[in-house]
Amino acid sequence: MPQSATPFNLQPDSVDRPISQDEVLHWLEAGRLSPDGALRHLIRLDSRTGPMAVGAGRKSAQPSPKERADAILRELDQLVGLSGVKLLVREIRAFIEVQQRRAEFHLSQESHMLHMVFQGAPGTGKTTVARLLGQLFEALGVLPKGHLVEVERADLVGEYIGHTAQKTRDVIKRALGGVMFVDEAYALARGGEKDFGKEAIDTMVKAMEDYRGEFLLILAGYPQEMAQFLATNPGLLSRFPIHLEFPDYSPPELVAIARAMTVQHQYHLSPDAEASLLAYMEEHARYWHTNAGNARMIRNLLERSIRRQAVRLADNLDHVTRQDLMLLTWSDIEGGL
Amino acid sequence: MEALVLGRPNAGKSLFLVNFAAYLGLKEIRVEVLDGEGRARHQRLSIELARRHLVSHTPYKTTALQTIHVDITTAKTAHRLTLTDTVGLTEEISGELVIRRAIAIALSRISQGPMVLHVVDASAVGYSAIETVSLVDDGIARYAGSISTYAILATKMDKESAKAGLERIRERFQGYPIIPISGITRRGFKDVKTFILRHWQ
Ligand SMILES: Nc1nc2c(ncn2[C@@H]2O[C@H](COP(=O)(O)OP(=O)(O)O)[C@@H](O)[C@H]2O)c(=O)[nH]1
Ligand SMILES: [Mg+2]
């Protein structure tokens, strides 16, 4: 199994959200909620404030939440490979739906936000999956907005004491109601104890308490670096119940990605181009694995191929067929490798 | 008809309230102060005194709901308008129980359906270097904006940075009615009056 923990492995100190407007006001008075937090819970609990209540009029025949969740999972399924990720996302959906059903029967529930760690090289689909998860959580009613705020160290860490906390808080505020995705998160531990990265981590940890259940935090990065990062920050590890592994794509998967991308842009690969590309990548597997800019390298490769194809056709434009315009040959690709 | 005035501390709620009441012709303000225990106290203040008493440079001058009754007279009839000032809403949890309680009372009022006038300091929005998101303003707009008759009063328009601030507010709160005003110069008061009368219930 690719994941090191299932969603059922939750922290014991899970805390409920207020369940009625009266409770919101009591929590506010007791100092358990800030005024803005109270407002967000009032919005969530008031039947008059659906997500579409303001502004743009409600479209008729909106798909039901279930239909939307199904559609999002179908989109996930179209991603090449990632079978472990797909399986776990299905588990997470089932888990959430069962928790919600338990609530209807007044059974105790785990209402903890399922913060996650994504381990994988750049270009292995982490951001795409994070975006889909946000949409899924929105459809399931776990997050009110489900949007994605993608950041890296430079967006969180400032230049002087206090600056980092402020920058990080601003990012968190933008992410409320959706997903905060920190790419190359291990870079926050780069400079050791005195580095401001530590301050960013502390601010995030505090926000996970202060805005409990209000956003999903995903820390992403290379597997080894992330493992080491979490090992040196034990306080963090316990707060992230779900770990998803994004393996490097295999050569056949990379070819499948190339095929999907070409089709998307109304090109196609000649059979010879596909076979040769596969052979080439198997031969250079080590390069493609470790350097794996993976899907991103495929995209760059295809962009170069498309330019080479254009050069090949340019001299003879009056005689080209539709088929010629769409076809990418091995010679177009080979020159760009 | 009741209008609830909401916003962050120091946004300019109280000054708007007092000067708007004066603009509507009120000579003397009879404030009904609901203290933290929920008891009502009555005070009669001249406009001048009310201004001094209610408006402040320190955020938490308004710690309880303060209610002013004014009559808006049109050609046909006199309408009795109740304007309610509230304590400023913050992103921090206050250490003082009175303030937390006052905030809870203010928020509980929203769901009872008064008109909500949401005061935003346009000059402050204008000079903030980074666009820091005000979660309080977001929350008020999304909550009151969907369940009440609602308008944003972009105030302190007499100040330098307010023009840029108004632009940002317009961008940010698209689809909501936004009325630029100044509590000092009384710019926009006529528009506020028109808005209130148009939505009279
Ligand atoms: N220049 C300017 N200052 C204002 C305006 N409205 C309020 N103020 C000032 O802003 C500060 C806070 O006003 P106040 O009404 O007490 O704010 P509240 O906390 O929202 O009730 C006071 O110093 C006021 O004099 C305005 O329209 N223009
Ligand atoms: Mg005040």
# chains A, B, ... in the order shown; residues from 1 in each chain; ligands from 1
call {"tool": "closest_atom_pairs", "arguments": {"of": "chain A", "to": "chain B", "cutoff": "7 Å", "atoms": "only C-alpha atoms", "output": "tab-separated table"}}
result
residue	atom	partner	partner_atom	distance
A:Leu25	CA	B:Ala104	CA	5.4
A:Leu28	CA	B:Ala104	CA	6.3
A:Glu29	CA	B:Arg100	CA	4.9
A:Gly31	CA	B:Ile93	CA	6.0
A:Leu33	CA	B:Ile93	CA	6.7
A:Ser34	CA	B:Ile93	CA	4.7
A:Pro35	CA	B:Thr90	CA	6.0
A:Asp36	CA	B:Val136	CA	4.7
A:Leu39	CA	B:Gly139	CA	5.4
A:Arg40	CA	B:Gly139	CA	6.0
A:Ile43	CA	B:Tyr143	CA	5.4
A:Arg48	CA	B:Ile147	CA	6.2
A:Thr49	CA	B:Ser146	CA	5.8
A:Ala53	CA	B:Ser146	CA	6.0
A:Val54	CA	B:Ser146	CA	5.4
A:Gly55	CA	B:Gly175	CA	5.5
A:Asp170	CA	B:Thr132	CA	6.2
A:Lys173	CA	B:Val133	CA	6.7
call {"tool": "write_last_selection", "arguments": {"atoms": "N, CA and C atoms", "output": "mmCIF file, in the first residue's frame"}}
result
data_model
loop_
_atom_site.group_PDB
_atom_site.id
_atom_site.type_symbol
_atom_site.label_atom_id
_atom_site.label_comp_id
_atom_site.auth_asym_id
_atom_site.auth_seq_id
_atom_site.Cartn_x
_atom_site.Cartn_y
_atom_site.Cartn_z
ATOM 1 N N LEU A 25 -22.951 31.223 19.383
ATOM 2 C CA LEU A 25 -22.932 32.428 20.218
ATOM 3 C C LEU A 25 -22.362 32.127 21.601
ATOM 4 N N LEU A 28 -18.659 31.851 21.241
ATOM 5 C CA LEU A 28 -18.121 33.200 21.044
ATOM 6 C C LEU A 28 -17.975 33.897 22.400
ATOM 7 N N GLU A 29 -19.010 33.826 23.177
ATOM 8 C CA GLU A 29 -19.000 34.489 24.485
ATOM 9 C C GLU A 29 -17.970 33.858 25.416
ATOM 10 N N GLY A 31 -15.227 32.690 24.556
ATOM 11 C CA GLY A 31 -13.870 32.907 24.072
ATOM 12 C C GLY A 31 -13.300 31.723 23.315
ATOM 13 N N LEU A 33 -14.343 31.047 20.179
ATOM 14 C CA LEU A 33 -14.392 31.407 18.761
ATOM 15 C C LEU A 33 -14.112 32.887 18.611
ATOM 16 N N SER A 34 -13.401 33.258 17.546
ATOM 17 C CA SER A 34 -13.242 34.682 17.244
ATOM 18 C C SER A 34 -14.520 35.146 16.531
ATOM 19 N N PRO A 35 -14.757 36.463 16.511
ATOM 20 C CA PRO A 35 -15.955 36.950 15.815
ATOM 21 C C PRO A 35 -16.033 36.504 14.356
ATOM 22 N N ASP A 36 -14.891 36.527 13.646
ATOM 23 C CA ASP A 36 -14.966 36.120 12.240
ATOM 24 C C ASP A 36 -15.238 34.624 12.125
ATOM 25 N N LEU A 39 -18.868 34.125 12.629
ATOM 26 C CA LEU A 39 -19.632 34.475 11.423
ATOM 27 C C LEU A 39 -19.609 33.325 10.422
ATOM 28 N N ARG A 40 -18.433 32.714 10.248
ATOM 29 C CA ARG A 40 -18.358 31.615 9.268
ATOM 30 C C ARG A 40 -19.220 30.433 9.699
ATOM 31 N N ILE A 43 -22.809 31.300 9.039
ATOM 32 C CA ILE A 43 -23.102 31.150 7.609
ATOM 33 C C ILE A 43 -23.342 29.674 7.288
ATOM 34 N N ARG A 48 -30.474 29.893 5.113
ATOM 35 C CA ARG A 48 -30.682 30.928 4.103
ATOM 36 C C ARG A 48 -29.411 31.265 3.353
ATOM 37 N N THR A 49 -28.273 30.732 3.781
ATOM 38 C CA THR A 49 -26.997 31.124 3.191
ATOM 39 C C THR A 49 -26.323 29.987 2.453
ATOM 40 N N ALA A 53 -26.112 31.483 -2.351
ATOM 41 C CA ALA A 53 -27.176 32.380 -1.909
ATOM 42 C C ALA A 53 -26.983 33.814 -2.381
ATOM 43 N N VAL A 54 -25.739 34.263 -2.460
ATOM 44 C CA VAL A 54 -25.485 35.646 -2.808
ATOM 45 C C VAL A 54 -25.170 35.778 -4.292
ATOM 46 N N GLY A 55 -25.376 36.966 -4.803
ATOM 47 C CA GLY A 55 -24.913 37.306 -6.131
ATOM 48 C C GLY A 55 -25.611 36.492 -7.200
ATOM 49 N N ASP A 170 -1.536 35.587 6.367
ATOM 50 C CA ASP A 170 -2.277 36.111 5.209
ATOM 51 C C ASP A 170 -2.603 35.005 4.220
ATOM 52 N N LYS A 173 -5.355 32.866 5.630
ATOM 53 C CA LYS A 173 -6.654 33.530 5.502
ATOM 54 C C LYS A 173 -7.220 33.358 4.102
#
call {"tool": "residues_near_ligand", "arguments": {"ligand": "ligand 1", "cutoff": "8 Å", "atoms": "only C-alpha atoms and all ligand atoms", "output": "count of residues only"}}
result
38
call {"tool": "select_by_dssp", "arguments": {"residues": "stretch 15-200 of chain B", "states": "alpha helix (DSSP H)", "output": "number ranges by chain"}}
result
B: 15-23, 47-54, 97-110, 122-127, 135-147, 162-172, 189-198
call {"tool": "select_by_dssp", "arguments": {"residues": "stretch 94-164 of chain B", "states": "strand (DSSP E)", "output": "MDAnalysis selection string"}}
result
chainID B and resid 115:121 150:155
call {"tool": "residues_around", "arguments": {"residues": "A:Ala130", "least_positions_apart": "6", "cutoff": "8 Å", "atoms": "only C-alpha atoms", "output": "list of chain:residue names"}}
result
A:Leu148, A:Val179, A:Phe181, A:Ile218
call {"tool": "closest_atom_pairs", "arguments": {"of": "stretch 197-314 of chain A", "to": "stretch 69-85 of chain A", "cutoff": "7 Å", "atoms": "only C-alpha atoms", "output": "Markdown table"}}
result
| residue | atom | partner | partner_atom | distance |
| --- | --- | --- | --- | --- |
| A:Leu244 | CA | A:Val85 | CA | 6.2 |
| A:Glu245 | CA | A:Val85 | CA | 7.0 |
| A:Phe246 | CA | A:Leu82 | CA | 6.6 |
| A:Glu253 | CA | A:Val80 | CA | 6.4 |
| A:Ala256 | CA | A:Val80 | CA | 7.0 |
| A:Ile257 | CA | A:Val80 | CA | 6.4 |
call {"tool": "write_last_selection", "arguments": {"atoms": "C-alpha atoms", "output": "CSV table (one decimal), in the first residue's frame"}}
result
chain,number,residue,atom,x,y,z
A,244,LEU,CA,-0.2,10.0,-0.2
A,245,GLU,CA,2.6,8.7,-2.3
A,246,PHE,CA,3.0,9.9,-5.9
A,253,GLU,CA,2.6,5.6,-18.1
A,256,ALA,CA,0.1,7.3,-22.0
A,257,ILE,CA,0.4,10.8,-20.7
call {"tool": "atom_distance", "arguments": {"atom1": "atom CA of A:Glu152", "atom2": "atom CA of A:Ala185"}}
result
6.8 Å
call {"tool": "closest_residue", "arguments": {"among": "A:Lys126, A:Phe137, A:Asp155, A:Leu219", "to": "A:Phe240", "atoms": "only C-alpha atoms"}}
result
A:Leu219
